[in-house]
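S.K.: File start.cif follows (mmCIF, C-alpha atoms and all ligand atoms):
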```cif
data_query
loop_
_atom_site.label_atom_id
_atom_site.label_comp_id
_atom_site.auth_asym_id
_atom_site.auth_seq_id
_atom_site.Cartn_x
_atom_site.Cartn_y
_atom_site.Cartn_z
CA MET Q 1 -67.68 -43.29 -28.60
CA ASN Q 2 -69.75 -40.15 -29.04
CA ARG Q 3 -68.63 -37.01 -30.82
CA LEU Q 4 -67.79 -35.19 -27.60
CA THR Q 5 -65.39 -37.92 -26.42
CA ARG Q 6 -63.74 -38.17 -29.85
CA GLY Q 7 -63.21 -34.40 -29.77
CA ARG Q 8 -61.53 -34.58 -26.35
CA ILE Q 9 -59.22 -37.36 -27.46
CA ARG Q 10 -58.23 -35.40 -30.53
CA ILE Q 11 -57.42 -32.35 -28.42
CA ARG Q 12 -55.38 -34.46 -26.00
CA THR Q 13 -53.46 -35.98 -28.91
CA ILE Q 14 -52.69 -32.57 -30.30
CA LEU Q 15 -51.50 -31.32 -26.90
CA ALA Q 16 -49.29 -34.40 -26.47
CA LEU Q 17 -47.76 -33.88 -29.92
CA VAL Q 18 -47.04 -30.23 -29.17
CA ALA Q 19 -45.33 -31.19 -25.90
CA LEU Q 20 -43.32 -33.92 -27.65
CA ALA Q 21 -42.19 -31.49 -30.34
CA ALA Q 22 -41.05 -29.05 -27.66
CA VAL Q 23 -38.99 -31.72 -25.89
CA VAL Q 24 -37.43 -32.98 -29.14
CA GLY Q 25 -36.70 -29.42 -30.26
CA ALA Q 26 -34.91 -28.59 -27.02
CA ALA Q 27 -32.88 -31.81 -27.16
CA VAL Q 28 -31.84 -31.26 -30.76
CA SER Q 29 -30.74 -27.66 -30.20
CA GLY Q 30 -28.92 -28.74 -27.00
CA CYS Q 31 -26.96 -31.50 -28.76
CA GLY Q 32 -26.22 -29.62 -31.97
CA GLY Q 33 -22.49 -29.04 -31.51
CA ARG Q 34 -21.11 -27.43 -28.32
CA GLN Q 35 -23.64 -26.66 -25.66
CA ALA Q 36 -24.17 -22.90 -25.35
CA ALA Q 37 -22.09 -21.82 -22.30
CA LYS Q 38 -23.72 -20.01 -19.43
CA VAL Q 39 -22.27 -16.55 -19.12
CA ILE Q 40 -21.90 -14.19 -16.16
CA LYS Q 41 -21.05 -10.57 -16.88
CA ILE Q 42 -18.93 -8.73 -14.31
CA GLY Q 43 -18.42 -4.98 -14.59
CA LEU Q 44 -15.42 -2.85 -13.67
CA ILE Q 45 -15.71 0.90 -13.09
CA ALA Q 46 -12.45 2.83 -12.66
CA PRO Q 47 -10.82 6.11 -13.76
CA MET Q 48 -8.86 4.81 -16.77
CA THR Q 49 -8.37 8.42 -17.92
CA GLY Q 50 -8.53 11.80 -16.18
CA ASP Q 51 -6.76 13.29 -13.16
CA VAL Q 52 -6.04 10.02 -11.34
CA LYS Q 53 -5.49 7.62 -14.20
CA THR Q 54 -2.76 5.58 -12.46
CA PHE Q 55 -5.57 4.54 -10.07
CA GLY Q 56 -7.56 3.16 -13.01
CA GLU Q 57 -4.61 1.39 -14.62
CA SER Q 58 -3.65 -0.36 -11.38
CA THR Q 59 -7.26 -1.29 -10.62
CA LYS Q 60 -7.78 -2.80 -14.06
CA ASN Q 61 -4.53 -4.77 -13.76
CA GLY Q 62 -5.57 -6.32 -10.45
CA PHE Q 63 -9.09 -7.08 -11.71
CA MET Q 64 -7.90 -8.77 -14.92
CA LEU Q 65 -5.21 -10.78 -13.16
CA ALA Q 66 -7.78 -12.27 -10.77
CA LEU Q 67 -10.12 -13.18 -13.64
CA GLU Q 68 -7.32 -14.68 -15.77
CA GLU Q 69 -6.10 -16.72 -12.81
CA ALA Q 70 -9.61 -18.16 -12.52
CA GLY Q 71 -9.43 -19.16 -16.21
CA MET Q 72 -12.29 -16.71 -16.90
CA LYS Q 73 -14.65 -19.18 -15.25
CA VAL Q 74 -16.63 -19.28 -12.01
CA ALA Q 75 -19.27 -21.73 -10.71
CA GLY Q 76 -19.78 -23.19 -14.19
CA PHE Q 77 -20.17 -19.81 -15.86
CA ASP Q 78 -17.93 -18.19 -18.46
CA ILE Q 79 -16.94 -14.75 -17.16
CA VAL Q 80 -17.42 -11.84 -19.53
CA PRO Q 81 -15.79 -8.66 -18.12
CA VAL Q 82 -17.35 -5.34 -19.09
CA LEU Q 83 -15.01 -2.37 -18.50
CA GLY Q 84 -16.17 1.19 -17.84
CA ASP Q 85 -14.15 4.44 -17.46
CA ASP Q 86 -15.67 7.05 -15.12
CA ARG Q 87 -12.73 9.50 -15.48
CA ASN Q 88 -13.02 10.11 -11.71
CA ASP Q 89 -16.16 12.11 -12.42
CA PRO Q 90 -19.28 11.36 -10.30
CA THR Q 91 -21.74 12.14 -13.12
CA GLU Q 92 -19.89 9.89 -15.52
CA SER Q 93 -19.73 7.13 -12.90
CA VAL Q 94 -23.54 7.11 -12.73
CA ASN Q 95 -23.79 6.92 -16.54
CA VAL Q 96 -21.38 3.99 -16.66
CA ALA Q 97 -23.03 2.15 -13.74
CA THR Q 98 -26.50 2.62 -15.24
CA LYS Q 99 -25.35 1.25 -18.59
CA LEU Q 100 -23.68 -1.77 -16.97
CA ALA Q 101 -26.72 -2.54 -14.80
CA THR Q 102 -29.56 -1.88 -17.23
CA GLN Q 103 -28.11 -2.52 -20.71
CA ASP Q 104 -25.19 -4.93 -20.31
CA GLY Q 105 -26.88 -6.98 -17.61
CA VAL Q 106 -23.90 -7.33 -15.29
CA LYS Q 107 -24.60 -9.21 -12.05
CA ALA Q 108 -21.82 -7.52 -10.10
CA ILE Q 109 -19.55 -4.48 -10.34
CA ILE Q 110 -16.02 -4.02 -9.01
CA GLY Q 111 -15.54 -0.27 -8.47
CA SER Q 112 -15.31 2.55 -8.48
CA VAL Q 113 -12.05 3.82 -7.00
CA SER Q 114 -12.79 7.25 -5.49
CA SER Q 115 -15.45 7.60 -2.85
CA LYS Q 116 -17.04 10.53 -4.70
CA CYS Q 117 -17.75 8.10 -7.58
CA SER Q 118 -18.47 4.96 -5.57
CA ILE Q 119 -21.16 6.72 -3.52
CA PRO Q 120 -23.38 7.53 -6.55
CA VAL Q 121 -22.54 4.12 -8.11
CA SER Q 122 -23.80 2.46 -4.91
CA GLU Q 123 -27.20 4.11 -5.37
CA VAL Q 124 -27.44 2.67 -8.90
CA CYS Q 125 -26.36 -0.80 -7.75
CA GLN Q 126 -28.76 -0.88 -4.81
CA ALA Q 127 -31.70 0.31 -6.97
CA ASN Q 128 -30.96 -2.27 -9.69
CA LYS Q 129 -30.05 -5.13 -7.33
CA VAL Q 130 -26.52 -5.48 -8.67
CA VAL Q 131 -23.73 -6.48 -6.27
CA GLN Q 132 -21.01 -3.83 -5.83
CA ILE Q 133 -17.60 -4.27 -4.24
CA THR Q 134 -15.44 -1.16 -4.26
CA PRO Q 135 -11.82 -2.15 -3.78
CA THR Q 136 -10.63 1.20 -2.42
CA SER Q 137 -13.38 3.70 -1.55
CA THR Q 138 -12.94 4.48 2.12
CA ASN Q 139 -15.72 6.99 2.90
CA PRO Q 140 -18.38 5.46 5.22
CA ARG Q 141 -21.26 6.67 3.01
CA VAL Q 142 -20.44 4.17 0.25
CA THR Q 143 -22.20 1.33 2.07
CA VAL Q 144 -24.51 3.21 4.45
CA ASP Q 145 -26.75 6.21 3.91
CA GLN Q 146 -28.02 7.95 7.06
CA GLY Q 147 -27.95 4.73 9.04
CA ALA Q 148 -29.51 2.61 6.27
CA ARG Q 149 -27.28 -0.15 4.92
CA LYS Q 150 -27.14 -0.54 1.12
CA THR Q 151 -27.44 -4.31 1.19
CA TYR Q 152 -25.84 -5.02 -2.22
CA VAL Q 153 -22.78 -2.86 -1.49
CA PHE Q 154 -19.44 -3.96 0.01
CA ARG Q 155 -15.84 -2.82 0.06
CA ALA Q 156 -12.46 -4.56 0.33
CA CYS Q 157 -10.75 -1.78 2.34
CA PHE Q 158 -10.92 -0.15 5.77
CA ILE Q 159 -12.86 3.11 6.23
CA ASP Q 160 -11.69 6.69 6.83
CA PRO Q 161 -12.66 7.14 10.49
CA PHE Q 162 -9.95 4.52 11.08
CA GLN Q 163 -7.51 5.87 8.49
CA GLY Q 164 -7.76 9.45 9.83
CA THR Q 165 -7.25 8.23 13.40
CA VAL Q 166 -4.17 6.21 12.43
CA ALA Q 167 -2.64 9.32 10.82
CA ALA Q 168 -3.42 11.53 13.83
CA LYS Q 169 -2.01 9.05 16.34
CA PHE Q 170 1.09 8.53 14.24
CA ALA Q 171 1.66 12.30 14.11
CA LEU Q 172 1.15 12.74 17.86
CA GLN Q 173 2.83 9.63 19.21
CA THR Q 174 5.52 8.66 16.72
CA LEU Q 175 6.44 12.09 15.33
CA GLY Q 176 5.74 13.97 18.57
CA ALA Q 177 3.74 16.60 16.69
CA ARG Q 178 1.66 19.18 18.56
CA THR Q 179 0.31 21.40 15.77
CA ALA Q 180 -1.12 20.68 12.33
CA ALA Q 181 -2.56 22.52 9.34
CA VAL Q 182 -5.12 20.80 7.11
CA LEU Q 183 -5.86 21.63 3.46
CA PHE Q 184 -8.78 19.85 1.82
CA ASP Q 185 -11.02 19.83 -1.28
CA GLN Q 186 -14.38 21.01 0.07
CA ALA Q 187 -16.40 19.07 -2.56
CA ASN Q 188 -14.63 15.70 -2.47
CA ASP Q 189 -16.24 13.16 -0.10
CA TYR Q 190 -12.93 11.40 0.52
CA THR Q 191 -10.90 14.52 1.18
CA ILE Q 192 -13.35 16.28 3.45
CA GLY Q 193 -14.15 13.07 5.34
CA LEU Q 194 -10.53 12.24 6.00
CA ALA Q 195 -9.75 15.84 7.00
CA ASN Q 196 -12.55 15.74 9.58
CA TYR Q 197 -11.59 12.36 11.03
CA PHE Q 198 -7.95 13.47 11.29
CA ARG Q 199 -8.91 16.71 13.02
CA ASP Q 200 -11.17 14.92 15.53
CA ALA Q 201 -8.51 12.39 16.49
CA PHE Q 202 -5.66 14.92 16.51
CA THR Q 203 -7.47 17.31 18.86
CA ALA Q 204 -8.78 14.44 21.02
CA GLY Q 205 -5.16 13.35 21.47
CA GLY Q 206 -4.09 16.81 22.67
CA GLY Q 207 -2.93 18.32 19.35
CA GLU Q 208 -4.02 21.65 17.93
CA ILE Q 209 -5.29 22.35 14.40
CA VAL Q 210 -3.85 25.79 13.69
CA ALA Q 211 -5.14 26.15 10.11
CA TRP Q 212 -8.19 24.55 8.47
CA GLU Q 213 -8.19 25.58 4.80
CA ALA Q 214 -10.60 24.57 2.03
CA TYR Q 215 -10.03 24.69 -1.73
CA SER Q 216 -11.94 23.67 -4.89
CA LYS Q 217 -11.27 20.84 -7.31
CA ASP Q 218 -9.99 23.06 -10.11
CA ASP Q 219 -7.82 25.35 -7.98
CA VAL Q 220 -4.17 25.54 -9.03
CA ASP Q 221 -2.98 28.42 -6.86
CA PHE Q 222 -2.78 27.75 -3.12
CA SER Q 223 -0.87 30.86 -2.09
CA ALA Q 224 -3.65 32.25 0.12
CA GLN Q 225 -3.86 29.06 2.19
CA LEU Q 226 -0.10 28.47 2.22
CA THR Q 227 0.79 32.03 3.25
CA LYS Q 228 -1.22 31.39 6.40
CA VAL Q 229 0.43 28.01 6.94
CA ALA Q 230 3.92 29.57 6.47
CA ARG Q 231 3.17 32.16 9.14
CA LEU Q 232 1.92 29.54 11.65
CA ASN Q 233 4.70 27.04 10.92
CA PRO Q 234 2.88 23.88 12.11
CA ASP Q 235 4.63 20.57 12.80
CA ILE Q 236 2.39 18.79 10.27
CA LEU Q 237 0.79 19.77 6.97
CA TYR Q 238 -1.98 17.21 6.43
CA LEU Q 239 -2.91 16.77 2.74
CA PRO Q 240 -5.66 14.15 2.40
CA ASP Q 241 -6.14 14.40 -1.38
CA TYR Q 242 -5.10 12.42 -4.49
CA TYR Q 243 -1.55 12.55 -5.81
CA THR Q 244 -2.13 15.07 -8.62
CA LYS Q 245 -3.39 17.77 -6.27
CA VAL Q 246 -1.00 16.87 -3.46
CA ASN Q 247 1.96 17.30 -5.85
CA ILE Q 248 0.93 20.86 -6.68
CA ILE Q 249 0.20 21.89 -3.09
CA ALA Q 250 3.45 20.39 -1.80
CA GLN Q 251 5.53 22.09 -4.49
CA GLN Q 252 4.00 25.46 -3.67
CA ALA Q 253 4.45 24.82 0.07
CA ARG Q 254 8.17 24.12 -0.30
CA ALA Q 255 8.50 27.18 -2.57
CA LYS Q 256 7.15 29.20 0.37
CA ARG Q 257 9.82 27.58 2.57
CA ILE Q 258 7.26 25.70 4.65
CA THR Q 259 9.22 22.99 6.47
CA SER Q 260 6.27 21.14 8.09
CA THR Q 261 6.23 17.35 7.69
CA PHE Q 262 3.83 16.33 4.92
CA LEU Q 263 1.28 13.72 5.99
CA GLY Q 264 -1.48 12.18 3.87
CA GLY Q 265 -3.69 9.19 3.10
CA ASP Q 266 -4.05 6.38 0.58
CA GLY Q 267 -4.68 8.93 -2.21
CA TRP Q 268 -0.91 9.47 -2.38
CA ASP Q 269 -0.33 5.93 -3.63
CA SER Q 270 0.78 6.52 -7.23
CA SER Q 271 3.89 6.09 -9.35
CA GLU Q 272 3.22 9.70 -10.37
CA LEU Q 273 3.52 11.13 -6.86
CA ASP Q 274 6.26 13.80 -6.84
CA PHE Q 275 8.69 11.75 -4.74
CA GLU Q 276 11.35 14.44 -4.68
CA THR Q 277 9.11 17.13 -3.23
CA MET Q 278 7.38 14.69 -0.88
CA GLU Q 279 10.67 13.29 0.46
CA GLY Q 280 10.39 12.62 4.20
CA GLY Q 281 6.58 12.72 4.16
CA TYR Q 282 4.34 9.93 5.48
CA PHE Q 283 1.03 8.49 4.35
CA THR Q 284 -1.40 5.85 5.56
CA ASN Q 285 -2.18 2.98 3.20
CA HIS Q 286 -3.72 -0.48 2.84
CA TYR Q 287 -0.72 -2.66 2.22
CA SER Q 288 3.04 -2.69 1.79
CA ALA Q 289 4.89 -4.66 -0.89
CA GLU Q 290 7.63 -5.13 1.73
CA ASP Q 291 5.28 -7.21 3.92
CA SER Q 292 7.03 -10.57 4.41
CA ARG Q 293 3.81 -12.63 4.58
CA PRO Q 294 4.09 -15.35 1.90
CA GLU Q 295 0.73 -14.38 0.34
CA VAL Q 296 2.04 -10.85 -0.18
CA GLN Q 297 5.38 -11.93 -1.63
CA ALA Q 298 3.70 -14.43 -3.98
CA TRP Q 299 1.37 -11.68 -5.17
CA VAL Q 300 4.17 -9.16 -5.71
CA ALA Q 301 6.17 -11.72 -7.74
CA LYS Q 302 3.15 -12.68 -9.85
CA TYR Q 303 2.26 -9.06 -10.56
CA ARG Q 304 5.83 -8.10 -11.44
CA ALA Q 305 6.09 -11.04 -13.84
CA LYS Q 306 2.96 -9.93 -15.66
CA TYR Q 307 3.14 -6.14 -15.56
CA GLY Q 308 6.80 -5.38 -14.83
CA SER Q 309 6.11 -3.13 -11.84
CA THR Q 310 5.44 -3.44 -8.11
CA PRO Q 311 1.71 -3.58 -7.34
CA ASP Q 312 0.38 -0.57 -5.44
CA ALA Q 313 -2.53 -0.75 -3.00
CA LEU Q 314 -5.03 -0.11 -5.80
CA ALA Q 315 -3.91 -3.12 -7.84
CA THR Q 316 -3.78 -5.26 -4.71
CA LEU Q 317 -7.24 -4.30 -3.48
CA ALA Q 318 -8.75 -4.71 -6.96
CA TYR Q 319 -7.29 -8.22 -7.06
CA ASP Q 320 -8.62 -8.93 -3.56
CA ALA Q 321 -12.07 -7.51 -4.33
CA THR Q 322 -12.35 -9.59 -7.52
CA LYS Q 323 -11.21 -12.78 -5.75
CA LEU Q 324 -13.75 -12.08 -2.99
CA LEU Q 325 -16.51 -11.74 -5.57
CA LEU Q 326 -15.53 -14.97 -7.34
CA ALA Q 327 -15.42 -16.83 -4.01
CA ALA Q 328 -18.91 -15.55 -3.20
CA ILE Q 329 -20.30 -16.57 -6.62
CA GLU Q 330 -18.72 -20.01 -6.12
CA ALA Q 331 -20.24 -20.30 -2.62
CA ALA Q 332 -23.64 -19.18 -3.90
CA GLY Q 333 -23.38 -21.58 -6.86
CA SER Q 334 -25.49 -19.05 -8.71
CA ASP Q 335 -25.41 -15.81 -10.67
CA ASP Q 336 -28.36 -14.43 -8.73
CA PRO Q 337 -27.16 -11.13 -7.18
CA ALA Q 338 -29.25 -11.69 -4.03
CA ALA Q 339 -27.57 -15.07 -3.49
CA ILE Q 340 -24.11 -13.58 -4.18
CA ARG Q 341 -24.84 -10.78 -1.72
CA ASP Q 342 -25.83 -13.27 1.00
CA ALA Q 343 -22.69 -15.34 0.35
CA LEU Q 344 -20.51 -12.22 0.59
CA GLN Q 345 -22.05 -11.14 3.86
CA ALA Q 346 -21.18 -14.57 5.33
CA ILE Q 347 -17.72 -14.95 3.78
CA GLU Q 348 -14.33 -15.28 5.47
CA PHE Q 349 -11.56 -14.83 2.98
CA ASP Q 350 -7.76 -14.64 3.16
CA ALA Q 351 -6.99 -11.73 0.86
CA VAL Q 352 -3.50 -10.45 0.03
CA SER Q 353 -4.23 -7.29 2.03
CA GLY Q 354 -5.40 -9.31 5.05
CA ARG Q 355 -8.25 -11.46 6.26
CA VAL Q 356 -11.66 -10.19 5.14
CA PHE Q 357 -15.05 -10.68 6.76
CA PHE Q 358 -17.78 -8.10 6.74
CA ASP Q 359 -19.42 -6.24 9.58
CA ALA Q 360 -23.11 -5.31 9.40
CA ASP Q 361 -22.23 -2.28 7.26
CA GLY Q 362 -20.38 -4.26 4.58
CA ASN Q 363 -16.98 -3.05 5.82
CA PRO Q 364 -14.06 -5.37 6.54
CA ILE Q 365 -12.06 -4.74 9.71
CA LYS Q 366 -8.45 -4.48 8.54
CA ALA Q 367 -5.10 -3.06 9.57
CA ALA Q 368 -3.46 0.01 8.02
CA VAL Q 369 0.19 0.64 7.25
CA VAL Q 370 2.17 3.85 7.51
CA MET Q 371 4.60 4.44 4.64
CA GLN Q 372 7.37 7.01 4.28
CA ILE Q 373 8.52 8.70 1.08
CA SER Q 374 12.22 8.08 1.02
CA GLY Q 375 14.86 8.00 -1.70
CA GLY Q 376 12.37 8.17 -4.57
CA ASP Q 377 10.28 5.29 -3.25
CA GLN Q 378 7.78 4.46 -0.52
CA LYS Q 379 9.15 2.57 2.49
CA TYR Q 380 7.25 0.62 5.12
CA VAL Q 381 7.22 2.21 8.59
CA GLU Q 382 4.63 0.39 10.72
CA THR Q 383 1.35 -1.51 10.82
CA VAL Q 384 -1.58 -0.30 12.90
CA SER Q 385 -4.35 -2.76 13.78
CA PRO Q 386 -7.89 -1.57 14.57
N1 LIG C 401 -9.63 5.92 -0.56
C1 LIG C 401 -9.76 6.78 -1.70
C2 LIG C 401 -11.20 7.27 -1.79
O1 LIG C 401 -12.03 6.79 -1.11
C3 LIG C 401 -9.36 6.09 -2.99
C4 LIG C 401 -7.97 5.51 -3.03
C5 LIG C 401 -7.64 4.33 -2.37
C6 LIG C 401 -6.98 6.15 -3.69
C7 LIG C 401 -6.35 3.79 -2.41
C8 LIG C 401 -5.69 5.62 -3.73
C9 LIG C 401 -5.37 4.46 -3.07
O2 LIG C 401 -11.54 8.14 -2.55
#
```
Output the structure of this file as structure tokens.

M.R.:
Amino acid sequence: MNRLTRGRIRIRTILALVALAAVVGAAVSGCGGRQAAKVIKIGLIAPMTGDVKTFGESTKNGFMLALEEAGMKVAGFDIVPVLGDDRNDPTESVNVATKLATQDGVKAIIGSVSSKCSIPVSEVCQANKVVQITPTSTNPRVTVDQGARKTYVFRACFIDPFQGTVAAKFALQTLGARTAAVLFDQANDYTIGLANYFRDAFTAGGGEIVAWEAYSKDDVDFSAQLTKVARLNPDILYLPDYYTKVNIIAQQARAKRITSTFLGGDGWDSSELDFETMEGGYFTNHYSAEDSRPEVQAWVAKYRAKYGSTPDALATLAYDATKLLLAAIEAAGSDDPAAIRDALQAIEFDAVSGRVFFDADGNPIKAAVVMQISGGDQKYVETVSP
């Protein structure tokens, strides 16, 4: 054996020992007590505080109930929820989403609630390859931007071209309305979108929009707009905003003796809606707790037992969105967001709010309900299928 050969053998021996040490080391650390659990972090973004905080409370309730029901486990992972409050502010929603995606390392986000927050959140999720399912944001631009699909972004609800059309047809056909006034927040994606879709469908169906009045987010005095509405006396006053603003506008409208029927969208769905002022009004929504389907009644009972109140559409859709995500992670058998995204796109899922499967834009095709404000509560009127 010459010196060169001896040298090679020595090197091989050293390499073998290093490899052996690595294997033994891994085995020892793996067996030392409980094996370290694999963890998947799932984010929630909702307005827990601010002008629409009942939306955040309901959304968090639905999200947590779905996770607890799964025993905080999915596909062999321990679920770690990471909660974020965007206060219904688009700038804050971007801060929260960026922190969840880049610092906390979440693989998926449920949220946000309002379209004006979910749209900027979707940009963060798409750029960072994090799956997003908004339970409730209905503006088309959440999942698609100028024809380009944001491939990591989905929603658990219908979209506003449908919701606005349902409201317009209900006004024309069921209420026999011919004229409508529309008041909308000119800087809120949800409000302006829904106002436009309502107007298009109402005029296409032979109705006339007699007043088209914009306002700003911080406005508290609507006398200019409402003086005009009072003079024109339309059959319908369409108010496609969230409950806080709708309460103020409706109170001022009644003070001006406007007798038009109030009509609105899912943004009315809150325990803090002014039921007295809104009495007799109608709004379109995602689900009714009066629905006799066994899945719905089981859900309502479960929610009441835990939280002591009837689940609104926000709680229901947050529960549905979270269950959808867990089903997709299970189907993917992985925490890789690209695999979860592919599983979601292919999924068919029986949610409380109806069967969910996604079209090419990440939108489920689902029915809407019309609800009436009556006797201090909301009552089911009818279901409209797409
Ligand atoms: N659809 C509303 C939006 O896009 C959010 C919302 C949904 C509010 C359901 C209340 C109930 O901004």

S.K.: Near stretch 116-125 of chain Q, counting all atoms listed in the file, which residues have an atom at most 7 Å away, once you skip same-chain residues fewer than 2 positions from it, shown as a list of chain:residue names?

M.R.: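 Final neighbour list, sorted by chain and number: Q:Asn88, Q:Asp89, Q:Pro90, Q:Ser93, Q:Val94, Q:Ala97, Q:Thr98, Q:Gly111, Q:Ser112, Q:Val113, Q:Ser114, Q:Ala127, Q:Asn128, Q:Lys129, Q:Val130, Q:Val131, Q:Gln132, Q:Thr134, Q:Ser137, Q:Arg141, Q:Val142, Q:Tyr152, Q:Val153, Q:Asn188, Q:Asp189, Q:Tyr190.
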
S.K.: Could you tell me which of Q:Val52, Q:Val369, Q:Ala168, Q:Val300 comes closest to ligand LIG 401 (chain C) if we count only C-alpha atoms and all ligand atoms?

M.R.: Q:Val52

S.K.: Show me which residues sit within 10 Å of ligand LIG 401 (chain C) when counting all atoms listed in the file, and put them as a PyMOL selection string.

M.R.: chain Q and resi 52+54-56+58-59+88+112-119+134-140+142+157-160+163+188-191+193-194+240-243+265-270+284-287+312-318

S.K.: Could you save the residues just selected, with C-alpha atoms, as an mmCIF file, in the coordinates of the input?

M.R.:
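Result file out-v1.cif:
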```cif
data_model
loop_
_atom_site.group_PDB
_atom_site.id
_atom_site.type_symbol
_atom_site.label_atom_id
_atom_site.label_comp_id
_atom_site.auth_asym_id
_atom_site.auth_seq_id
_atom_site.Cartn_x
_atom_site.Cartn_y
_atom_site.Cartn_z
ATOM 1 C CA VAL Q 52 -6.040 10.020 -11.340
ATOM 2 C CA THR Q 54 -2.760 5.580 -12.460
ATOM 3 C CA PHE Q 55 -5.570 4.540 -10.070
ATOM 4 C CA GLY Q 56 -7.560 3.160 -13.010
ATOM 5 C CA SER Q 58 -3.650 -0.360 -11.380
ATOM 6 C CA THR Q 59 -7.260 -1.290 -10.620
ATOM 7 C CA ASN Q 88 -13.020 10.110 -11.710
ATOM 8 C CA SER Q 112 -15.310 2.550 -8.480
ATOM 9 C CA VAL Q 113 -12.050 3.820 -7.000
ATOM 10 C CA SER Q 114 -12.790 7.250 -5.490
ATOM 11 C CA SER Q 115 -15.450 7.600 -2.850
ATOM 12 C CA LYS Q 116 -17.040 10.530 -4.700
ATOM 13 C CA CYS Q 117 -17.750 8.100 -7.580
ATOM 14 C CA SER Q 118 -18.470 4.960 -5.570
ATOM 15 C CA ILE Q 119 -21.160 6.720 -3.520
ATOM 16 C CA THR Q 134 -15.440 -1.160 -4.260
ATOM 17 C CA PRO Q 135 -11.820 -2.150 -3.780
ATOM 18 C CA THR Q 136 -10.630 1.200 -2.420
ATOM 19 C CA SER Q 137 -13.380 3.700 -1.550
ATOM 20 C CA THR Q 138 -12.940 4.480 2.120
ATOM 21 C CA ASN Q 139 -15.720 6.990 2.900
ATOM 22 C CA PRO Q 140 -18.380 5.460 5.220
ATOM 23 C CA VAL Q 142 -20.440 4.170 0.250
ATOM 24 C CA CYS Q 157 -10.750 -1.780 2.340
ATOM 25 C CA PHE Q 158 -10.920 -0.150 5.770
ATOM 26 C CA ILE Q 159 -12.860 3.110 6.230
ATOM 27 C CA ASP Q 160 -11.690 6.690 6.830
ATOM 28 C CA GLN Q 163 -7.510 5.870 8.490
ATOM 29 C CA ASN Q 188 -14.630 15.700 -2.470
ATOM 30 C CA ASP Q 189 -16.240 13.160 -0.100
ATOM 31 C CA TYR Q 190 -12.930 11.400 0.520
ATOM 32 C CA THR Q 191 -10.900 14.520 1.180
ATOM 33 C CA GLY Q 193 -14.150 13.070 5.340
ATOM 34 C CA LEU Q 194 -10.530 12.240 6.000
ATOM 35 C CA PRO Q 240 -5.660 14.150 2.400
ATOM 36 C CA ASP Q 241 -6.140 14.400 -1.380
ATOM 37 C CA TYR Q 242 -5.100 12.420 -4.490
ATOM 38 C CA TYR Q 243 -1.550 12.550 -5.810
ATOM 39 C CA GLY Q 265 -3.690 9.190 3.100
ATOM 40 C CA ASP Q 266 -4.050 6.380 0.580
ATOM 41 C CA GLY Q 267 -4.680 8.930 -2.210
ATOM 42 C CA TRP Q 268 -0.910 9.470 -2.380
ATOM 43 C CA ASP Q 269 -0.330 5.930 -3.630
ATOM 44 C CA SER Q 270 0.780 6.520 -7.230
ATOM 45 C CA THR Q 284 -1.400 5.850 5.560
ATOM 46 C CA ASN Q 285 -2.180 2.980 3.200
ATOM 47 C CA HIS Q 286 -3.720 -0.480 2.840
ATOM 48 C CA TYR Q 287 -0.720 -2.660 2.220
ATOM 49 C CA ASP Q 312 0.380 -0.570 -5.440
ATOM 50 C CA ALA Q 313 -2.530 -0.750 -3.000
ATOM 51 C CA LEU Q 314 -5.030 -0.110 -5.800
ATOM 52 C CA ALA Q 315 -3.910 -3.120 -7.840
ATOM 53 C CA THR Q 316 -3.780 -5.260 -4.710
ATOM 54 C CA LEU Q 317 -7.240 -4.300 -3.480
ATOM 55 C CA ALA Q 318 -8.750 -4.710 -6.960
#
```

S.K.: Using only C-alpha atoms, pick whichever of Q:Phe63, Q:Tyr197, Q:Phe77, Q:Phe162 has the shortest atom-to-atom distance to Q:Asp320.

M.R.: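 Between Q:Phe63, Q:Tyr197, Q:Phe77, Q:Phe162, the residue approaching Q:Asp320 most closely is Q:Phe63.
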
S.K.: Using Å and a single decimal, report how far atom CA of Q:Thr91 sits from atom CA of Q:Asp336.

M.R.: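 Atom CA of Q:Thr91 lies 27.7 Å from atom CA of Q:Asp336.
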
S.K.: Put a box with edges along x, y and z around all the listed atoms of stretch 49-53 of chain Q, pad it by 5 Å on each side, then give me its centre and sizes in Å, one decimal, as AutoDock Vina command-line options.

M.R.:
```
--center_x -7.0 --center_y 10.5 --center_z -14.6 --size_x 13.0 --size_y 15.7 --size_z 16.6
```

S.K.: Ranking Q:Phe170, Q:Phe154, Q:Phe222, Q:Phe202 by minimum distance to Q:Leu183 and counting only C-alpha atoms, which one comes first?

M.R.: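 Closest candidate: Q:Phe222.
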
S.K.: For a test of reading the model, state the distance in Å between atom CA of Q:Ala331 and atom CA of Q:Ser385, rounded to one decimal.

M.R.: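 One can read the atom CA of Q:Ala331 to atom CA of Q:Ser385 distance as 28.8 Å.
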
S.K.: Out of Q:Gln186, Q:Arg87, Q:Gln103, Q:Gly76, which residue has the shortest atom-to-atom distance to Q:Lys53 when counting all atoms listed in the file?

M.R.: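 Ranked by minimum distance to Q:Lys53, first place goes to Q:Arg87.
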
S.K.: Using Å and a single decimal, report how far atom CA of Q:Ile236 sits from atom CA of Q:Ala177.

M.R.: 6.9 Å

S.K.: Would you kindly return, as a list in words, each protein, DNA or RNA residue with an atom no farther than 12 Å from any atom of Q:Asp359, considering all atoms listed in the file and excluding same-chain residues fewer than 6 positions away?

M.R.: Thr143, Val144, Arg149, Thr151, Phe154, Arg155, Ala156, Phe158, Ile159, Leu344, Gln345, Ala346, Ile347, Glu348, Ile365 and Lys366 of chain Q
